[in-house]
Each structure stands twice: as structure tokens, then as C-alpha cells.
>>> print(open('input_25.cif').read())   # mmCIF, C-alpha atoms
data_protein
#
loop_
_atom_site.group_PDB
_atom_site.id
_atom_site.type_symbol
_atom_site.label_atom_id
_atom_site.label_comp_id
_atom_site.auth_asym_id
_atom_site.auth_seq_id
_atom_site.Cartn_x
_atom_site.Cartn_y
_atom_site.Cartn_z
ATOM 1 C CA MET A 194 -22.575 -43.763 36.779
ATOM 2 C CA ALA A 195 -20.041 -41.154 35.624
ATOM 3 C CA LYS A 196 -21.143 -38.006 33.928
ATOM 4 C CA ALA A 197 -19.893 -37.428 30.418
ATOM 5 C CA LYS A 198 -17.627 -34.432 30.008
ATOM 6 C CA PRO A 199 -18.766 -31.824 27.512
ATOM 7 C CA ALA A 200 -16.836 -31.840 24.283
ATOM 8 C CA ARG A 201 -14.097 -29.270 23.926
ATOM 9 C CA PRO A 202 -14.490 -26.753 21.149
ATOM 10 C CA ASP A 203 -12.152 -27.194 18.235
ATOM 11 C CA SER A 204 -8.901 -25.366 18.596
ATOM 12 C CA LEU A 205 -8.539 -24.925 14.850
ATOM 13 C CA PRO A 206 -10.002 -21.796 13.324
ATOM 14 C CA ARG A 207 -13.100 -22.210 11.221
ATOM 15 C CA ARG A 208 -12.094 -22.720 7.624
ATOM 16 C CA SER A 209 -14.095 -21.009 4.925
ATOM 17 C CA ARG A 210 -15.268 -22.953 1.921
ATOM 18 C CA PRO A 211 -13.122 -21.787 -1.001
ATOM 19 C CA PHE A 212 -15.771 -22.269 -3.673
ATOM 20 C CA PHE A 213 -18.191 -19.912 -1.936
ATOM 21 C CA VAL A 214 -15.433 -17.361 -1.377
ATOM 22 C CA MET A 215 -14.726 -17.513 -5.113
ATOM 23 C CA VAL A 216 -18.431 -17.050 -5.876
ATOM 24 C CA ARG A 217 -18.447 -13.971 -3.631
ATOM 25 C CA SER A 218 -15.568 -12.571 -5.640
ATOM 26 C CA ALA A 219 -17.448 -13.348 -8.867
ATOM 27 C CA VAL A 220 -20.591 -11.541 -7.709
ATOM 28 C CA VAL A 221 -18.934 -8.376 -6.375
ATOM 29 C CA PRO A 222 -15.317 -7.524 -7.230
ATOM 30 C CA GLY A 223 -13.202 -7.652 -4.085
ATOM 31 C CA TRP A 224 -15.806 -9.328 -1.869
ATOM 32 C CA GLY A 225 -13.847 -12.590 -1.740
ATOM 33 C CA GLN A 226 -10.691 -10.714 -0.771
ATOM 34 C CA VAL A 227 -12.574 -8.831 1.962
ATOM 35 C CA TYR A 228 -13.962 -12.136 3.250
ATOM 36 C CA ASN A 229 -10.381 -13.467 3.387
ATOM 37 C CA HIS A 230 -9.334 -10.321 5.327
ATOM 38 C CA LYS A 231 -7.073 -9.139 2.488
ATOM 39 C CA PHE A 232 -8.259 -5.538 2.481
ATOM 40 C CA LEU A 233 -5.393 -4.003 0.498
ATOM 41 C CA LYS A 234 -5.801 -6.660 -2.175
ATOM 42 C CA ALA A 235 -9.568 -6.016 -2.231
ATOM 43 C CA GLY A 236 -8.929 -2.325 -2.818
ATOM 44 C CA MET A 237 -6.535 -3.147 -5.630
ATOM 45 C CA VAL A 238 -9.100 -5.479 -7.234
ATOM 46 C CA VAL A 239 -11.852 -2.862 -7.071
ATOM 47 C CA ALA A 240 -9.563 -0.139 -8.402
ATOM 48 C CA GLY A 241 -8.160 -2.331 -11.184
ATOM 49 C CA GLU A 242 -11.490 -3.660 -12.380
ATOM 50 C CA GLY A 243 -13.023 -0.207 -12.063
ATOM 51 C CA PHE A 244 -10.258 1.260 -14.211
ATOM 52 C CA LEU A 245 -10.693 -1.415 -16.883
ATOM 53 C CA GLY A 246 -14.462 -0.921 -16.887
ATOM 54 C CA TYR A 247 -14.025 2.849 -17.172
ATOM 55 C CA LYS A 248 -11.654 2.476 -20.131
ATOM 56 C CA ALA A 249 -14.137 0.164 -21.902
ATOM 57 C CA TRP A 250 -16.945 2.689 -21.281
ATOM 58 C CA GLN A 251 -14.711 5.497 -22.563
ATOM 59 C CA GLU A 252 -14.020 3.609 -25.793
ATOM 60 C CA LEU A 253 -17.748 2.913 -26.161
ATOM 61 C CA GLN A 254 -18.374 6.666 -26.020
ATOM 62 C CA ARG A 255 -15.658 7.269 -28.596
ATOM 63 C CA GLU A 256 -17.099 4.546 -30.815
ATOM 64 C CA ASN A 257 -20.543 6.141 -30.605
ATOM 65 C CA ASP A 258 -19.040 9.517 -31.528
ATOM 66 C CA ALA A 259 -17.283 7.915 -34.489
ATOM 67 C CA VAL A 260 -20.545 6.280 -35.625
ATOM 68 C CA SER A 261 -22.255 9.689 -35.450
ATOM 69 C CA ARG A 262 -19.418 11.178 -37.499
ATOM 70 C CA LEU A 263 -19.750 8.349 -40.033
ATOM 71 C CA ASP A 264 -23.486 9.069 -40.338
ATOM 72 C CA ALA A 265 -22.785 12.768 -40.805
ATOM 73 C CA VAL A 266 -20.183 12.012 -43.492
ATOM 74 C CA GLY A 267 -22.665 9.725 -45.259
ATOM 75 C CA GLN A 268 -25.404 12.387 -45.120
ATOM 76 C CA ALA A 269 -22.958 14.943 -46.504
ATOM 77 C CA GLY A 270 -22.814 12.919 -49.703
ATOM 78 C CA PHE A 271 -19.554 11.031 -49.213
ATOM 79 C CA ARG A 272 -19.624 7.366 -50.228
ATOM 80 C CA PRO A 273 -17.403 4.339 -49.550
ATOM 81 C CA GLY A 274 -14.052 4.889 -51.201
ATOM 82 C CA ASP A 275 -13.947 8.604 -50.417
ATOM 83 C CA PRO A 276 -11.118 9.479 -47.976
ATOM 84 C CA GLU A 277 -13.482 11.184 -45.487
ATOM 85 C CA TYR A 278 -15.799 8.173 -45.408
ATOM 86 C CA THR A 279 -12.870 5.735 -45.093
ATOM 87 C CA ASP A 280 -11.356 7.740 -42.230
ATOM 88 C CA ALA A 281 -14.662 7.804 -40.345
ATOM 89 C CA LEU A 282 -15.199 4.065 -40.878
ATOM 90 C CA LEU A 283 -11.645 3.319 -39.724
ATOM 91 C CA ASP A 284 -12.224 5.428 -36.603
ATOM 92 C CA VAL A 285 -15.331 3.358 -35.777
ATOM 93 C CA GLU A 286 -13.380 0.106 -36.151
ATOM 94 C CA ILE A 287 -10.431 1.340 -34.073
ATOM 95 C CA HIS A 288 -12.611 2.326 -31.117
ATOM 96 C CA LYS A 289 -14.706 -0.829 -31.397
ATOM 97 C CA ASN A 290 -11.570 -2.999 -31.231
ATOM 98 C CA ARG A 291 -10.127 -0.999 -28.340
ATOM 99 C CA LYS A 292 -13.406 -1.367 -26.445
ATOM 100 C CA ILE A 293 -13.356 -5.128 -26.980
ATOM 101 C CA ASN A 294 -9.738 -5.298 -25.791
ATOM 102 C CA TRP A 295 -10.567 -3.421 -22.571
ATOM 103 C CA ILE A 296 -13.515 -5.752 -21.978
ATOM 104 C CA TRP A 297 -11.285 -8.811 -22.408
ATOM 105 C CA TRP A 298 -8.700 -7.360 -20.018
ATOM 106 C CA GLY A 299 -11.496 -6.694 -17.524
ATOM 107 C CA LEU A 300 -12.768 -10.268 -17.788
ATOM 108 C CA ALA A 301 -9.242 -11.615 -17.326
ATOM 109 C CA ALA A 302 -8.704 -9.445 -14.248
ATOM 110 C CA HIS A 303 -12.043 -10.587 -12.833
ATOM 111 C CA LEU A 304 -11.116 -14.256 -13.323
ATOM 112 C CA VAL A 305 -7.714 -13.701 -11.715
ATOM 113 C CA SER A 306 -9.352 -12.079 -8.689
ATOM 114 C CA MET A 307 -11.729 -15.048 -8.397
ATOM 115 C CA VAL A 308 -8.824 -17.506 -8.482
ATOM 116 C CA ASP A 309 -6.946 -15.374 -5.957
ATOM 117 C CA ALA A 310 -9.896 -15.457 -3.543
ATOM 118 C CA TYR A 311 -10.174 -19.230 -3.994
ATOM 119 C CA VAL A 312 -6.466 -19.812 -3.294
ATOM 120 C CA ASP A 313 -6.428 -17.440 -0.306
ATOM 121 C CA ALA A 314 -9.392 -19.301 1.197
ATOM 122 C CA HIS A 315 -7.522 -22.592 0.794
ATOM 123 C CA LEU A 316 -4.396 -21.184 2.416
ATOM 124 C CA ALA A 317 -6.209 -19.402 5.270
ATOM 125 C CA SER A 318 -5.342 -22.021 7.875
ATOM 126 C CA PHE A 319 -1.857 -22.707 6.506
ATOM 127 C CA GLU A 320 0.885 -21.453 8.787
ATOM 128 C CA ALA A 321 4.392 -21.035 7.482
ATOM 129 C CA ASP A 322 7.528 -19.750 9.109
ATOM 130 C CA PHE A 323 9.929 -18.162 6.685
ATOM 131 C CA GLY A 324 12.487 -17.167 9.304
ATOM 132 C CA PRO A 325 15.925 -18.645 9.768
ATOM 133 C CA PRO A 326 16.117 -22.306 10.774
ATOM 134 C CA GLU A 327 16.102 -23.089 14.476
ATOM 135 C CA SER A 328 19.692 -24.349 14.289
ATOM 136 C CA ALA A 329 20.884 -20.958 13.076
ATOM 137 C CA VAL A 330 19.068 -19.215 15.906
ATOM 138 C CA ASP A 331 20.455 -21.601 18.513
ATOM 139 C CA LEU A 332 24.071 -21.216 17.352
ATOM 140 C CA GLY A 333 23.842 -17.480 16.919
ATOM 141 C CA GLU A 334 24.655 -17.740 13.234
ATOM 142 C CA ARG A 335 23.327 -15.296 10.715
ATOM 143 C CA PRO A 336 21.475 -16.558 7.657
ATOM 144 C CA ARG A 337 23.787 -16.827 4.689
ATOM 145 C CA LEU A 338 23.581 -17.455 0.998
ATOM 146 C CA THR A 339 25.580 -20.365 -0.376
ATOM 147 C CA LEU A 340 26.265 -21.512 -3.891
ATOM 148 C CA ALA A 341 26.834 -25.147 -4.799
ATOM 149 C CA PHE A 342 28.056 -26.574 -8.060
ATOM 150 C CA ARG A 343 27.619 -30.234 -8.884
ATOM 151 C CA THR A 344 28.730 -32.016 -11.978
ATOM 152 C CA ARG A 345 28.153 -35.556 -13.089
ATOM 153 C CA PHE A 346 30.382 -37.580 -15.395
#
>>> encode(input="input_25.cif", output="C-alpha cells")
Amino acid sequence: MAKAKPARPDSLPRRSRPFFVMVRSAVVPGWGQVYNHKFLKAGMVVAGEGFLGYKAWQELQRENDAVSRLDAVGQAGFRPGDPEYTDALLDVEIHKNRKINWIWWGLAAHLVSMVDAYVDAHLASFEADFGPPESAVDLGERPRLTLAFRTRF
């Protein structure tokens, strides 16, 4: 009786599961990009989301300062309709809206980084050659740009 040969290991690289790579990116900004070995992109994600978070925190501080100023204006005897009170109330609204805008931009950037990690995980085993066609290499031709015009009557 012949002995069975052991099975050969797969020659294809192990493919990561894109959903779990996306979840990694959702949990910690840049983790999905690091898992996909896209280190520069991971650094850009961390820096970008960090910047957006910092700007939202900065506007929160400014909003809190404006609320304190509004309280001080109210305690000083100014009432709604007075220019000082209106200016302080407007300042609160401006910083509140700016804070909300920075938060929305941060959420959008986070979602884009999650989608990016998902797509990179899908394309990890995809090999593409963007060089000149083999025929151009064989004939010694240089790649060229051509323009074609077609009309239909």
C-alpha cells in the first residue's frame, strides 16, 4: 500500500478578513491601516483624526468661555435685547456650531478611514502591473500617448 504524500502548503498568502480589519480601524484610528501594512496612511489617519478632535475640543473650550461670559453679562444686569447680552449669546452659538462642525468632520474622516481599511484588505492579494505592455518591451518601443477621434453618422 502506498503512503499518502503530505499536502503542500498553500502558495497564496493568507488573506485577512476585510470586515475585521474595518472593525480594527473603527476601534482605534489607524489600526486597520497598520494591519494592512500601510504605515504612512496610518500615520495620516491618526494625525488627521487627532487634528479634528483637537479642533472640536478647542471649540468646546471657547464655547464654555462664551457661556461663562454670558452668565457674567446676565449677572451684571444686562437682559435679552441689550447689545452686550446679544453679543455674548451669539458668541455661544457660533462656537457651539463650530464644535458640531468639527465633530461631523471627525466622524466623516473616521468613516472614510474604516472604508479605506476595508478596501485595502480586499485588495491585499490583488497584483497589478502598471508597466508598459509586454509587446512594447519586446519591440523596444517607448510608451506613447495617442489620441483617437471617432464620429458616428
>>> atom_distance(input="input_25.cif", atom1="CA of His230 (chain A)", atom2="CA of Asp313 (chain A)")
9.5 Å
>>> atom_distance(input="input_25.cif", atom1="CA of Leu245 (chain A)", atom2="CA of Ser261 (chain A)")
24.5 Å
>>> resolve_selection(input="input_25.cif", expression="the PyMOL selection byres ((chain A and resi 226) around 12)", output="count of residues only")
37
>>> residues_around(input="input_25.cif", residues="Ile296 (chain A)", least_positions_apart="4", cutoff="8 Å", atoms="all atoms listed in the file", output="JSON, numbers by chain")
{"A": [245, 246, 249, 292, 300]}
>>> residues_near_point(input="input_25.cif", point="(-14.2, -0.2, -32.3)", cutoff="12 Å", atoms="all atoms listed in the file", output="PyMOL selection string")
chain A and resi 249-260+281-296
>>> resolve_selection(input="input_25.cif", expression="the PyMOL selection byres ((chain A and resi 266) around 12)", output="PyMOL selection string")
chain A and resi 259-265+267-273+275-282
